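Here the structure is laid out as structure tokens; the discussion comes afterwards.
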Amino acid sequence: AAPPSPPQRSMLERYKVTVEERVNLKHVHRRLQVVAKLLIVATFVEDALRVLFTFGVQQQSMEIAGWTSPALHTLLPLLSLAVQSCGALLVLASSGVGGEVGCYLLLGWCVWHPFMYGQAGNREFVLETATISGGLLILLSHLLLLRTKAPLLGESGPGAVGTPARVQAVGRVLLVSFFLSFALSLAHSWAVSLPLGAGDGPGVWGRGTQAVELVLSLLVLSLCGLVVLGMKSRHVALLLAAAVFAAAVS
């Protein structure tokens with residue numbers, strides 16, 4: 001009897017096998033991890049450099065933010081420079097405990113940052129900070145997971161494994177906060193701009209506009225929910241980032 005023929009592979013599977021044969025995926029994964037770290041800490045590095053090169057302006061910002069002591073006008077920008085630069089360096093230089101310490105430093109800074117600049121009531125500022133914190137928490141969960149696989153501090157057991165999952169879950173929720181607010185505002189603006197008929201009075205939108213806004217809002221909520229739940233999260237996160245970028249440059 002003739003030997004059975006091998007199962008037919010789809011074009012996508014054949015392409016995947018070809019790529020795996022020609023590219024060392026472990027090296028690619030490591031490089032992507034470095035790029036991801038750079039993207040996460042880029043905002044802190046940029047802010048630290050801005051403080052360094054515009055120190056006088058930062059002192060004036062502290063006075064405008066309501067800090068009355070002249071000493072604080074100097075100490076707070078110095079604190080900003082030290083915390084952000086040290087935290088970013090620790091995250092970039094280490095994938096162990098040093099990286100975790102860097103994440104904690106930068107997370108603490110994210111909590112303090114809006115209050116230091118008197119922006120705690122600025123919704124957009126707070127949501128941007130929350131999104132950055134979400135990225136840090138996801139990175140922290142990865143570092144914690146590495147430590148549970150090869151414990152550095154003697155931690156083991158189910159609790160050690162459950163902690164990274166909980167940290168990542170919180171990070172996913174925070175990560176989509178700015179995207180959610182931005183996309184819902186964009187959906188409202190886009191729906192209102194459509195010629196679907198006026199409402200019953202000033203500021204009252206017609207039913208067609210309300211229906212379009214409802215559909216778009218549900219779509220945005222569904223996409224953000226997929227990121228939070230971890231279902232197709234990479235593809236959806238890339239889609240959300242591309243949409244926000246396109247809206248920003250348009």
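Chain labels run A, B, ... following the order of the structure tokens; each chain numbers its residues from 1, and ligands are numbered from 1 in the order shown.
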
Practice task
Would you mind listing what lies within 6 Å of region 73-84 of chain A as a list in words, with only C-alpha atoms counted and same-chain residues fewer than 6 positions away left out?
Solution key: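 Contacts, with the query itself left out: Phe44, Ala48, Gln59 and Met62 of chain A.
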
Could you name the residues that touch Leu136 (chain A) at 12 Å or less, counting only C-alpha atoms, but leaving out those on the same chain fewer than 5 positions away, as a PDB file with all heavy atoms, in the first residue's frame?
ATOM      1  N   ALA A  36      10.394  47.316  23.205  1.00  0.00           N
ATOM      2  CA  ALA A  36       9.230  47.570  24.057  1.00  0.00           C
ATOM      3  C   ALA A  36       9.619  48.356  25.299  1.00  0.00           C
ATOM      4  O   ALA A  36       8.926  49.302  25.699  1.00  0.00           O
ATOM      5  CB  ALA A  36       8.587  46.241  24.448  1.00  0.00           C
ATOM      6  N   LYS A  37      10.741  47.984  25.906  1.00  0.00           N
ATOM      7  CA  LYS A  37      11.208  48.737  27.079  1.00  0.00           C
ATOM      8  C   LYS A  37      11.507  50.183  26.721  1.00  0.00           C
ATOM      9  O   LYS A  37      11.156  51.102  27.471  1.00  0.00           O
ATOM     10  CB  LYS A  37      12.468  48.069  27.663  1.00  0.00           C
ATOM     11  CG  LYS A  37      12.208  46.799  28.454  1.00  0.00           C
ATOM     12  CD  LYS A  37      13.508  46.308  29.066  1.00  0.00           C
ATOM     13  CE  LYS A  37      13.297  45.103  29.950  1.00  0.00           C
ATOM     14  NZ  LYS A  37      14.550  44.673  30.614  1.00  0.00           N
ATOM     15  N   LEU A  38      12.159  50.383  25.583  1.00  0.00           N
ATOM     16  CA  LEU A  38      12.484  51.742  25.147  1.00  0.00           C
ATOM     17  C   LEU A  38      11.219  52.567  24.951  1.00  0.00           C
ATOM     18  O   LEU A  38      11.158  53.739  25.358  1.00  0.00           O
ATOM     19  CB  LEU A  38      13.288  51.699  23.851  1.00  0.00           C
ATOM     20  CG  LEU A  38      14.761  51.301  23.971  1.00  0.00           C
ATOM     21  CD1 LEU A  38      15.365  51.091  22.583  1.00  0.00           C
ATOM     22  CD2 LEU A  38      15.545  52.381  24.713  1.00  0.00           C
ATOM     23  N   LEU A  39      10.206  51.968  24.346  1.00  0.00           N
ATOM     24  CA  LEU A  39       8.961  52.697  24.114  1.00  0.00           C
ATOM     25  C   LEU A  39       8.256  53.041  25.421  1.00  0.00           C
ATOM     26  O   LEU A  39       7.671  54.113  25.565  1.00  0.00           O
ATOM     27  CB  LEU A  39       8.039  51.864  23.212  1.00  0.00           C
ATOM     28  CG  LEU A  39       8.498  51.686  21.762  1.00  0.00           C
ATOM     29  CD1 LEU A  39       7.559  50.757  21.019  1.00  0.00           C
ATOM     30  CD2 LEU A  39       8.594  53.029  21.051  1.00  0.00           C
ATOM     31  N   ILE A  40       8.324  52.120  26.385  1.00  0.00           N
ATOM     32  CA  ILE A  40       7.643  52.345  27.660  1.00  0.00           C
ATOM     33  C   ILE A  40       8.298  53.473  28.447  1.00  0.00           C
ATOM     34  O   ILE A  40       7.617  54.321  29.031  1.00  0.00           O
ATOM     35  CB  ILE A  40       7.596  51.043  28.488  1.00  0.00           C
ATOM     36  CG1 ILE A  40       6.638  50.036  27.836  1.00  0.00           C
ATOM     37  CG2 ILE A  40       7.155  51.317  29.926  1.00  0.00           C
ATOM     38  CD1 ILE A  40       6.662  48.671  28.477  1.00  0.00           C
ATOM     39  N   VAL A  41       9.634  53.493  28.463  1.00  0.00           N
ATOM     40  CA  VAL A  41      10.334  54.496  29.283  1.00  0.00           C
ATOM     41  C   VAL A  41      10.665  55.764  28.502  1.00  0.00           C
ATOM     42  O   VAL A  41      11.212  56.715  29.075  1.00  0.00           O
ATOM     43  CB  VAL A  41      11.629  53.908  29.887  1.00  0.00           C
ATOM     44  CG1 VAL A  41      11.323  52.685  30.712  1.00  0.00           C
ATOM     45  CG2 VAL A  41      12.658  53.601  28.810  1.00  0.00           C
ATOM     46  N   ALA A  42      10.335  55.795  27.194  1.00  0.00           N
ATOM     47  CA  ALA A  42      10.699  56.956  26.385  1.00  0.00           C
ATOM     48  C   ALA A  42      10.115  58.248  26.945  1.00  0.00           C
ATOM     49  O   ALA A  42      10.789  59.288  26.969  1.00  0.00           O
ATOM     50  CB  ALA A  42      10.225  56.749  24.945  1.00  0.00           C
ATOM     51  N   THR A  43       8.872  58.194  27.411  1.00  0.00           N
ATOM     52  CA  THR A  43       8.245  59.411  27.939  1.00  0.00           C
ATOM     53  C   THR A  43       8.954  59.918  29.193  1.00  0.00           C
ATOM     54  O   THR A  43       9.075  61.130  29.404  1.00  0.00           O
ATOM     55  CB  THR A  43       6.753  59.156  28.227  1.00  0.00           C
ATOM     56  OG1 THR A  43       6.144  60.382  28.668  1.00  0.00           O
ATOM     57  CG2 THR A  43       6.564  58.095  29.299  1.00  0.00           C
ATOM     58  N   PHE A  44       9.471  58.988  30.006  1.00  0.00           N
ATOM     59  CA  PHE A  44      10.194  59.393  31.222  1.00  0.00           C
ATOM     60  C   PHE A  44      11.564  59.976  30.863  1.00  0.00           C
ATOM     61  O   PHE A  44      12.004  60.958  31.471  1.00  0.00           O
ATOM     62  CB  PHE A  44      10.351  58.203  32.164  1.00  0.00           C
ATOM     63  CG  PHE A  44       9.051  57.611  32.602  1.00  0.00           C
ATOM     64  CD1 PHE A  44       8.576  56.438  32.029  1.00  0.00           C
ATOM     65  CD2 PHE A  44       8.284  58.215  33.586  1.00  0.00           C
ATOM     66  CE1 PHE A  44       7.377  55.886  32.424  1.00  0.00           C
ATOM     67  CE2 PHE A  44       7.081  57.670  33.991  1.00  0.00           C
ATOM     68  CZ  PHE A  44       6.620  56.506  33.407  1.00  0.00           C
ATOM     69  N   GLY A  87      14.878  55.506  37.319  1.00  0.00           N
ATOM     70  CA  GLY A  87      13.893  54.464  37.013  1.00  0.00           C
ATOM     71  C   GLY A  87      14.035  53.947  35.601  1.00  0.00           C
ATOM     72  O   GLY A  87      14.010  52.730  35.359  1.00  0.00           O
ATOM     73  N   ALA A  88      14.202  54.852  34.631  1.00  0.00           N
ATOM     74  CA  ALA A  88      14.340  54.439  33.238  1.00  0.00           C
ATOM     75  C   ALA A  88      15.611  53.620  33.030  1.00  0.00           C
ATOM     76  O   ALA A  88      15.604  52.601  32.323  1.00  0.00           O
ATOM     77  CB  ALA A  88      14.348  55.665  32.334  1.00  0.00           C
ATOM     78  N   VAL A  91      15.140  50.084  34.409  1.00  0.00           N
ATOM     79  CA  VAL A  91      14.286  49.264  33.551  1.00  0.00           C
ATOM     80  C   VAL A  91      15.057  48.798  32.316  1.00  0.00           C
ATOM     81  O   VAL A  91      14.969  47.632  31.908  1.00  0.00           O
ATOM     82  CB  VAL A  91      13.031  50.058  33.137  1.00  0.00           C
ATOM     83  CG1 VAL A  91      12.270  49.328  32.033  1.00  0.00           C
ATOM     84  CG2 VAL A  91      12.109  50.253  34.338  1.00  0.00           C
ATOM     85  N   GLY A  99      15.160  45.806  37.374  1.00  0.00           N
ATOM     86  CA  GLY A  99      14.066  46.238  36.506  1.00  0.00           C
ATOM     87  C   GLY A  99      12.771  46.434  37.271  1.00  0.00           C
ATOM     88  O   GLY A  99      12.010  47.367  37.007  1.00  0.00           O
ATOM     89  N   GLU A 100      12.517  45.532  38.233  1.00  0.00           N
ATOM     90  CA  GLU A 100      11.314  45.669  39.059  1.00  0.00           C
ATOM     91  C   GLU A 100      11.367  46.957  39.882  1.00  0.00           C
ATOM     92  O   GLU A 100      10.373  47.694  39.970  1.00  0.00           O
ATOM     93  CB  GLU A 100      11.181  44.464  39.993  1.00  0.00           C
ATOM     94  CG  GLU A 100      10.920  43.146  39.277  1.00  0.00           C
ATOM     95  CD  GLU A 100      10.872  41.986  40.261  1.00  0.00           C
ATOM     96  OE1 GLU A 100      10.393  42.199  41.385  1.00  0.00           O
ATOM     97  OE2 GLU A 100      11.317  40.887  39.899  1.00  0.00           O
ATOM     98  N   VAL A 101      12.529  47.237  40.472  1.00  0.00           N
ATOM     99  CA  VAL A 101      12.679  48.460  41.263  1.00  0.00           C
ATOM    100  C   VAL A 101      12.446  49.684  40.379  1.00  0.00           C
ATOM    101  O   VAL A 101      11.783  50.650  40.777  1.00  0.00           O
ATOM    102  CB  VAL A 101      14.080  48.519  41.910  1.00  0.00           C
ATOM    103  CG1 VAL A 101      14.308  49.875  42.578  1.00  0.00           C
ATOM    104  CG2 VAL A 101      14.239  47.396  42.933  1.00  0.00           C
ATOM    105  N   GLY A 102      12.979  49.639  39.142  1.00  0.00           N
ATOM    106  CA  GLY A 102      12.757  50.738  38.215  1.00  0.00           C
ATOM    107  C   GLY A 102      11.284  50.940  37.909  1.00  0.00           C
ATOM    108  O   GLY A 102      10.797  52.080  37.855  1.00  0.00           O
ATOM    109  N   CYS A 103      10.550  49.838  37.713  1.00  0.00           N
ATOM    110  CA  CYS A 103       9.107  49.939  37.461  1.00  0.00           C
ATOM    111  C   CYS A 103       8.380  50.561  38.650  1.00  0.00           C
ATOM    112  O   CYS A 103       7.504  51.423  38.470  1.00  0.00           O
ATOM    113  CB  CYS A 103       8.533  48.547  37.162  1.00  0.00           C
ATOM    114  SG  CYS A 103       8.959  47.891  35.531  1.00  0.00           S
ATOM    115  N   TYR A 104       8.743  50.133  39.864  1.00  0.00           N
ATOM    116  CA  TYR A 104       8.100  50.698  41.056  1.00  0.00           C
ATOM    117  C   TYR A 104       8.401  52.193  41.185  1.00  0.00           C
ATOM    118  O   TYR A 104       7.519  52.978  41.561  1.00  0.00           O
ATOM    119  CB  TYR A 104       8.565  49.951  42.305  1.00  0.00           C
ATOM    120  CG  TYR A 104       7.995  48.562  42.441  1.00  0.00           C
ATOM    121  CD1 TYR A 104       8.839  47.453  42.587  1.00  0.00           C
ATOM    122  CD2 TYR A 104       6.630  48.349  42.426  1.00  0.00           C
ATOM    123  CE1 TYR A 104       8.313  46.166  42.707  1.00  0.00           C
ATOM    124  CE2 TYR A 104       6.091  47.067  42.548  1.00  0.00           C
ATOM    125  CZ  TYR A 104       6.942  45.979  42.687  1.00  0.00           C
ATOM    126  OH  TYR A 104       6.424  44.717  42.801  1.00  0.00           O
ATOM    127  N   LEU A 105       9.635  52.592  40.893  1.00  0.00           N
ATOM    128  CA  LEU A 105       9.987  54.008  40.945  1.00  0.00           C
ATOM    129  C   LEU A 105       9.136  54.818  39.968  1.00  0.00           C
ATOM    130  O   LEU A 105       8.584  55.873  40.320  1.00  0.00           O
ATOM    131  CB  LEU A 105      11.466  54.199  40.617  1.00  0.00           C
ATOM    132  CG  LEU A 105      12.474  54.001  41.743  1.00  0.00           C
ATOM    133  CD1 LEU A 105      13.889  54.098  41.180  1.00  0.00           C
ATOM    134  CD2 LEU A 105      12.282  55.036  42.843  1.00  0.00           C
ATOM    135  N   LEU A 106       9.030  54.330  38.749  1.00  0.00           N
ATOM    136  CA  LEU A 106       8.289  55.065  37.730  1.00  0.00           C
ATOM    137  C   LEU A 106       6.787  55.037  38.008  1.00  0.00           C
ATOM    138  O   LEU A 106       6.083  56.019  37.712  1.00  0.00           O
ATOM    139  CB  LEU A 106       8.589  54.479  36.347  1.00  0.00           C
ATOM    140  CG  LEU A 106      10.044  54.621  35.883  1.00  0.00           C
ATOM    141  CD1 LEU A 106      10.244  53.964  34.515  1.00  0.00           C
ATOM    142  CD2 LEU A 106      10.467  56.081  35.828  1.00  0.00           C
ATOM    143  N   LEU A 107       6.277  53.946  38.569  1.00  0.00           N
ATOM    144  CA  LEU A 107       4.862  53.899  38.942  1.00  0.00           C
ATOM    145  C   LEU A 107       4.558  54.902  40.051  1.00  0.00           C
ATOM    146  O   LEU A 107       3.531  55.592  40.020  1.00  0.00           O
ATOM    147  CB  LEU A 107       4.479  52.486  39.387  1.00  0.00           C
ATOM    148  CG  LEU A 107       4.309  51.458  38.267  1.00  0.00           C
ATOM    149  CD1 LEU A 107       4.233  50.047  38.837  1.00  0.00           C
ATOM    150  CD2 LEU A 107       3.051  51.759  37.455  1.00  0.00           C
ATOM    151  N   GLY A 108       5.467  54.968  41.030  1.00  0.00           N
ATOM    152  CA  GLY A 108       5.296  55.968  42.085  1.00  0.00           C
ATOM    153  C   GLY A 108       5.308  57.371  41.521  1.00  0.00           C
ATOM    154  O   GLY A 108       4.525  58.240  41.955  1.00  0.00           O
ATOM    155  N   TRP A 109       6.178  57.600  40.539  1.00  0.00           N
ATOM    156  CA  TRP A 109       6.232  58.916  39.904  1.00  0.00           C
ATOM    157  C   TRP A 109       4.930  59.226  39.163  1.00  0.00           C
ATOM    158  O   TRP A 109       4.438  60.360  39.179  1.00  0.00           O
ATOM    159  CB  TRP A 109       7.408  58.990  38.948  1.00  0.00           C
ATOM    160  CG  TRP A 109       7.453  60.292  38.215  1.00  0.00           C
ATOM    161  CD1 TRP A 109       7.166  60.523  36.906  1.00  0.00           C
ATOM    162  CD2 TRP A 109       7.777  61.565  38.776  1.00  0.00           C
ATOM    163  NE1 TRP A 109       7.291  61.842  36.608  1.00  0.00           N
ATOM    164  CE2 TRP A 109       7.664  62.513  37.742  1.00  0.00           C
ATOM    165  CE3 TRP A 109       8.151  61.981  40.052  1.00  0.00           C
ATOM    166  CZ2 TRP A 109       7.913  63.859  37.953  1.00  0.00           C
ATOM    167  CZ3 TRP A 109       8.399  63.323  40.259  1.00  0.00           C
ATOM    168  CH2 TRP A 109       8.281  64.248  39.215  1.00  0.00           C
ATOM    169  N   CYS A 110       4.350  58.219  38.501  1.00  0.00           N
ATOM    170  CA  CYS A 110       3.087  58.415  37.787  1.00  0.00           C
ATOM    171  C   CYS A 110       1.972  58.849  38.739  1.00  0.00           C
ATOM    172  O   CYS A 110       1.118  59.669  38.371  1.00  0.00           O
ATOM    173  CB  CYS A 110       2.682  57.127  37.058  1.00  0.00           C
ATOM    174  SG  CYS A 110       3.669  56.759  35.584  1.00  0.00           S
ATOM    175  N   THR A 129      -1.493  59.524  31.950  1.00  0.00           N
ATOM    176  CA  THR A 129      -0.638  58.948  32.993  1.00  0.00           C
ATOM    177  C   THR A 129      -1.078  57.534  33.343  1.00  0.00           C
ATOM    178  O   THR A 129      -0.248  56.650  33.574  1.00  0.00           O
ATOM    179  CB  THR A 129      -0.676  59.842  34.247  1.00  0.00           C
ATOM    180  OG1 THR A 129      -0.289  61.177  33.898  1.00  0.00           O
ATOM    181  CG2 THR A 129       0.276  59.319  35.313  1.00  0.00           C
ATOM    182  N   ALA A 130      -2.398  57.297  33.368  1.00  0.00           N
ATOM    183  CA  ALA A 130      -2.920  55.960  33.672  1.00  0.00           C
ATOM    184  C   ALA A 130      -2.513  54.963  32.593  1.00  0.00           C
ATOM    185  O   ALA A 130      -2.154  53.814  32.890  1.00  0.00           O
ATOM    186  CB  ALA A 130      -4.443  56.006  33.811  1.00  0.00           C
ATOM    187  N   THR A 131      -2.553  55.394  31.330  1.00  0.00           N
ATOM    188  CA  THR A 131      -2.149  54.511  30.232  1.00  0.00           C
ATOM    189  C   THR A 131      -0.672  54.149  30.333  1.00  0.00           C
ATOM    190  O   THR A 131      -0.283  52.992  30.143  1.00  0.00           O
ATOM    191  CB  THR A 131      -2.444  55.182  28.883  1.00  0.00           C
ATOM    192  OG1 THR A 131      -3.852  55.362  28.755  1.00  0.00           O
ATOM    193  CG2 THR A 131      -1.945  54.331  27.728  1.00  0.00           C
ATOM    194  N   SER A 141       4.670  42.840  35.389  1.00  0.00           N
ATOM    195  CA  SER A 141       4.136  41.475  35.481  1.00  0.00           C
ATOM    196  C   SER A 141       5.039  40.488  34.751  1.00  0.00           C
ATOM    197  O   SER A 141       5.232  39.349  35.208  1.00  0.00           O
ATOM    198  CB  SER A 141       2.716  41.424  34.901  1.00  0.00           C
ATOM    199  OG  SER A 141       2.734  41.566  33.488  1.00  0.00           O
ATOM    200  N   HIS A 142       5.621  40.915  33.621  1.00  0.00           N
ATOM    201  CA  HIS A 142       6.555  40.054  32.882  1.00  0.00           C
ATOM    202  C   HIS A 142       7.804  39.777  33.717  1.00  0.00           C
ATOM    203  O   HIS A 142       8.275  38.629  33.789  1.00  0.00           O
ATOM    204  CB  HIS A 142       6.927  40.726  31.563  1.00  0.00           C
ATOM    205  CG  HIS A 142       8.009  40.024  30.806  1.00  0.00           C
ATOM    206  ND1 HIS A 142       7.827  38.802  30.192  1.00  0.00           N
ATOM    207  CD2 HIS A 142       9.311  40.368  30.572  1.00  0.00           C
ATOM    208  CE1 HIS A 142       8.947  38.416  29.616  1.00  0.00           C
ATOM    209  NE2 HIS A 142       9.854  39.352  29.829  1.00  0.00           N
ATOM    210  N   LEU A 143       8.331  40.817  34.360  1.00  0.00           N
ATOM    211  CA  LEU A 143       9.528  40.642  35.187  1.00  0.00           C
ATOM    212  C   LEU A 143       9.229  39.757  36.395  1.00  0.00           C
ATOM    213  O   LEU A 143      10.053  38.921  36.798  1.00  0.00           O
ATOM    214  CB  LEU A 143      10.043  42.001  35.647  1.00  0.00           C
ATOM    215  CG  LEU A 143      10.517  42.944  34.535  1.00  0.00           C
ATOM    216  CD1 LEU A 143      10.919  44.292  35.108  1.00  0.00           C
ATOM    217  CD2 LEU A 143      11.670  42.341  33.757  1.00  0.00           C
ATOM    218  N   VAL A 167      -1.284  41.612  38.444  1.00  0.00           N
ATOM    219  CA  VAL A 167      -0.642  42.871  38.037  1.00  0.00           C
ATOM    220  C   VAL A 167      -0.907  43.143  36.561  1.00  0.00           C
ATOM    221  O   VAL A 167      -1.205  44.276  36.157  1.00  0.00           O
ATOM    222  CB  VAL A 167       0.875  42.806  38.317  1.00  0.00           C
ATOM    223  CG1 VAL A 167       1.589  44.006  37.714  1.00  0.00           C
ATOM    224  CG2 VAL A 167       1.139  42.760  39.813  1.00  0.00           C
ATOM    225  N   GLN A 168      -0.814  42.097  35.736  1.00  0.00           N
ATOM    226  CA  GLN A 168      -1.061  42.278  34.307  1.00  0.00           C
ATOM    227  C   GLN A 168      -2.509  42.660  34.037  1.00  0.00           C
ATOM    228  O   GLN A 168      -2.782  43.499  33.161  1.00  0.00           O
ATOM    229  CB  GLN A 168      -0.724  40.995  33.543  1.00  0.00           C
ATOM    230  CG  GLN A 168      -0.823  41.171  32.040  1.00  0.00           C
ATOM    231  CD  GLN A 168      -0.520  39.906  31.279  1.00  0.00           C
ATOM    232  OE1 GLN A 168      -1.434  39.150  30.952  1.00  0.00           O
ATOM    233  NE2 GLN A 168       0.749  39.657  31.007  1.00  0.00           N
ATOM    234  N   VAL A 170      -4.557  44.388  35.979  1.00  0.00           N
ATOM    235  CA  VAL A 170      -4.708  45.816  36.296  1.00  0.00           C
ATOM    236  C   VAL A 170      -4.050  46.662  35.215  1.00  0.00           C
ATOM    237  O   VAL A 170      -4.587  47.697  34.794  1.00  0.00           O
ATOM    238  CB  VAL A 170      -4.109  46.125  37.683  1.00  0.00           C
ATOM    239  CG1 VAL A 170      -4.172  47.627  37.968  1.00  0.00           C
ATOM    240  CG2 VAL A 170      -4.850  45.360  38.766  1.00  0.00           C
ATOM    241  N   GLY A 171      -2.879  46.221  34.744  1.00  0.00           N
ATOM    242  CA  GLY A 171      -2.180  46.957  33.699  1.00  0.00           C
ATOM    243  C   GLY A 171      -2.982  47.035  32.410  1.00  0.00           C
ATOM    244  O   GLY A 171      -3.014  48.079  31.746  1.00  0.00           O
ATOM    245  N   ARG A 172      -3.653  45.958  32.046  1.00  0.00           N
ATOM    246  CA  ARG A 172      -4.468  45.964  30.828  1.00  0.00           C
ATOM    247  C   ARG A 172      -5.620  46.955  30.937  1.00  0.00           C
ATOM    248  O   ARG A 172      -5.948  47.656  29.966  1.00  0.00           O
ATOM    249  CB  ARG A 172      -5.016  44.560  30.560  1.00  0.00           C
ATOM    250  CG  ARG A 172      -3.989  43.552  30.061  1.00  0.00           C
ATOM    251  CD  ARG A 172      -4.625  42.180  29.903  1.00  0.00           C
ATOM    252  NE  ARG A 172      -3.668  41.182  29.495  1.00  0.00           N
ATOM    253  CZ  ARG A 172      -3.334  40.912  28.235  1.00  0.00           C
ATOM    254  NH1 ARG A 172      -3.905  41.593  27.266  1.00  0.00           N
ATOM    255  NH2 ARG A 172      -2.462  39.971  27.943  1.00  0.00           N
ATOM    256  N   LEU A 174      -5.741  49.699  32.832  1.00  0.00           N
ATOM    257  CA  LEU A 174      -5.205  51.058  32.773  1.00  0.00           C
ATOM    258  C   LEU A 174      -4.705  51.402  31.374  1.00  0.00           C
ATOM    259  O   LEU A 174      -4.818  52.551  30.928  1.00  0.00           O
ATOM    260  CB  LEU A 174      -4.070  51.223  33.783  1.00  0.00           C
ATOM    261  CG  LEU A 174      -4.467  51.178  35.258  1.00  0.00           C
ATOM    262  CD1 LEU A 174      -3.224  51.294  36.143  1.00  0.00           C
ATOM    263  CD2 LEU A 174      -5.449  52.292  35.597  1.00  0.00           C
ATOM    264  N   LEU A 175      -4.168  50.401  30.677  1.00  0.00           N
ATOM    265  CA  LEU A 175      -3.572  50.645  29.367  1.00  0.00           C
ATOM    266  C   LEU A 175      -4.597  51.205  28.381  1.00  0.00           C
ATOM    267  O   LEU A 175      -4.263  52.070  27.561  1.00  0.00           O
ATOM    268  CB  LEU A 175      -2.969  49.348  28.815  1.00  0.00           C
ATOM    269  CG  LEU A 175      -2.234  49.448  27.479  1.00  0.00           C
ATOM    270  CD1 LEU A 175      -0.969  50.292  27.628  1.00  0.00           C
ATOM    271  CD2 LEU A 175      -1.889  48.065  26.954  1.00  0.00           C
TER     272      LEU A 175
END

Exercise for the section: Record the distance separating CA of Arg123 (chain A) and CA of Phe178 (chain A), expressed in Å with one decimal. Expected result: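 Calculated distance between CA of Arg123 (chain A) and CA of Phe178 (chain A) is 9.5 Å.
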
Exercise for the section: Take CA of Gly56 (chain A) and CA of Phe125 (chain A) and report the distance between them in Å, one decimal. Expected result: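 Separation between CA of Gly56 (chain A) and CA of Phe125 (chain A): 22.4 Å.
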
Problem - For Thr163 (chain A): contacts at 10 Å, only C-alpha atoms, fewer than 5 positions along chain excluded, given as a list in words - result: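 Answer for this query is Ser141, Leu144, Leu145, Thr148, Pro158, Gln168 and Ala169 of chain A.
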
Keeping only N, CA, C and O atoms, take the residues you just selected and write them out as an mmCIF file, in the first residue's frame.
data_model
loop_
_atom_site.group_PDB
_atom_site.id
_atom_site.type_symbol
_atom_site.label_atom_id
_atom_site.label_comp_id
_atom_site.auth_asym_id
_atom_site.auth_seq_id
_atom_site.Cartn_x
_atom_site.Cartn_y
_atom_site.Cartn_z
ATOM 1 N N SER A 141 4.670 42.840 35.389
ATOM 2 C CA SER A 141 4.136 41.475 35.481
ATOM 3 C C SER A 141 5.039 40.488 34.751
ATOM 4 O O SER A 141 5.232 39.349 35.208
ATOM 5 N N LEU A 144 8.061 39.933 36.995
ATOM 6 C CA LEU A 144 7.678 39.090 38.132
ATOM 7 C C LEU A 144 7.518 37.643 37.705
ATOM 8 O O LEU A 144 7.884 36.722 38.450
ATOM 9 N N LEU A 145 6.981 37.429 36.505
ATOM 10 C CA LEU A 145 6.810 36.061 36.005
ATOM 11 C C LEU A 145 8.159 35.403 35.772
ATOM 12 O O LEU A 145 8.344 34.214 36.064
ATOM 13 N N THR A 148 9.397 34.209 39.095
ATOM 14 C CA THR A 148 8.735 33.010 39.623
ATOM 15 C C THR A 148 9.229 31.753 38.923
ATOM 16 O O THR A 148 9.231 30.674 39.496
ATOM 17 N N PRO A 158 1.844 29.007 44.657
ATOM 18 C CA PRO A 158 0.788 29.547 43.799
ATOM 19 C C PRO A 158 0.663 31.054 43.884
ATOM 20 O O PRO A 158 0.341 31.725 42.917
ATOM 21 N N GLN A 168 -0.814 42.097 35.736
ATOM 22 C CA GLN A 168 -1.061 42.278 34.307
ATOM 23 C C GLN A 168 -2.509 42.660 34.037
ATOM 24 O O GLN A 168 -2.782 43.499 33.161
ATOM 25 N N ALA A 169 -3.446 42.081 34.784
ATOM 26 C CA ALA A 169 -4.864 42.412 34.592
ATOM 27 C C ALA A 169 -5.124 43.892 34.873
ATOM 28 O O ALA A 169 -5.809 44.576 34.105
#

Handout entry: 8 Å contact set for Ala65 (chain A), only C-alpha atoms, chain neighbours under 5 positions out, as a list of chain:residue names
Key =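 Here the answer would be A:Met116, A:Tyr117, A:Gly118.
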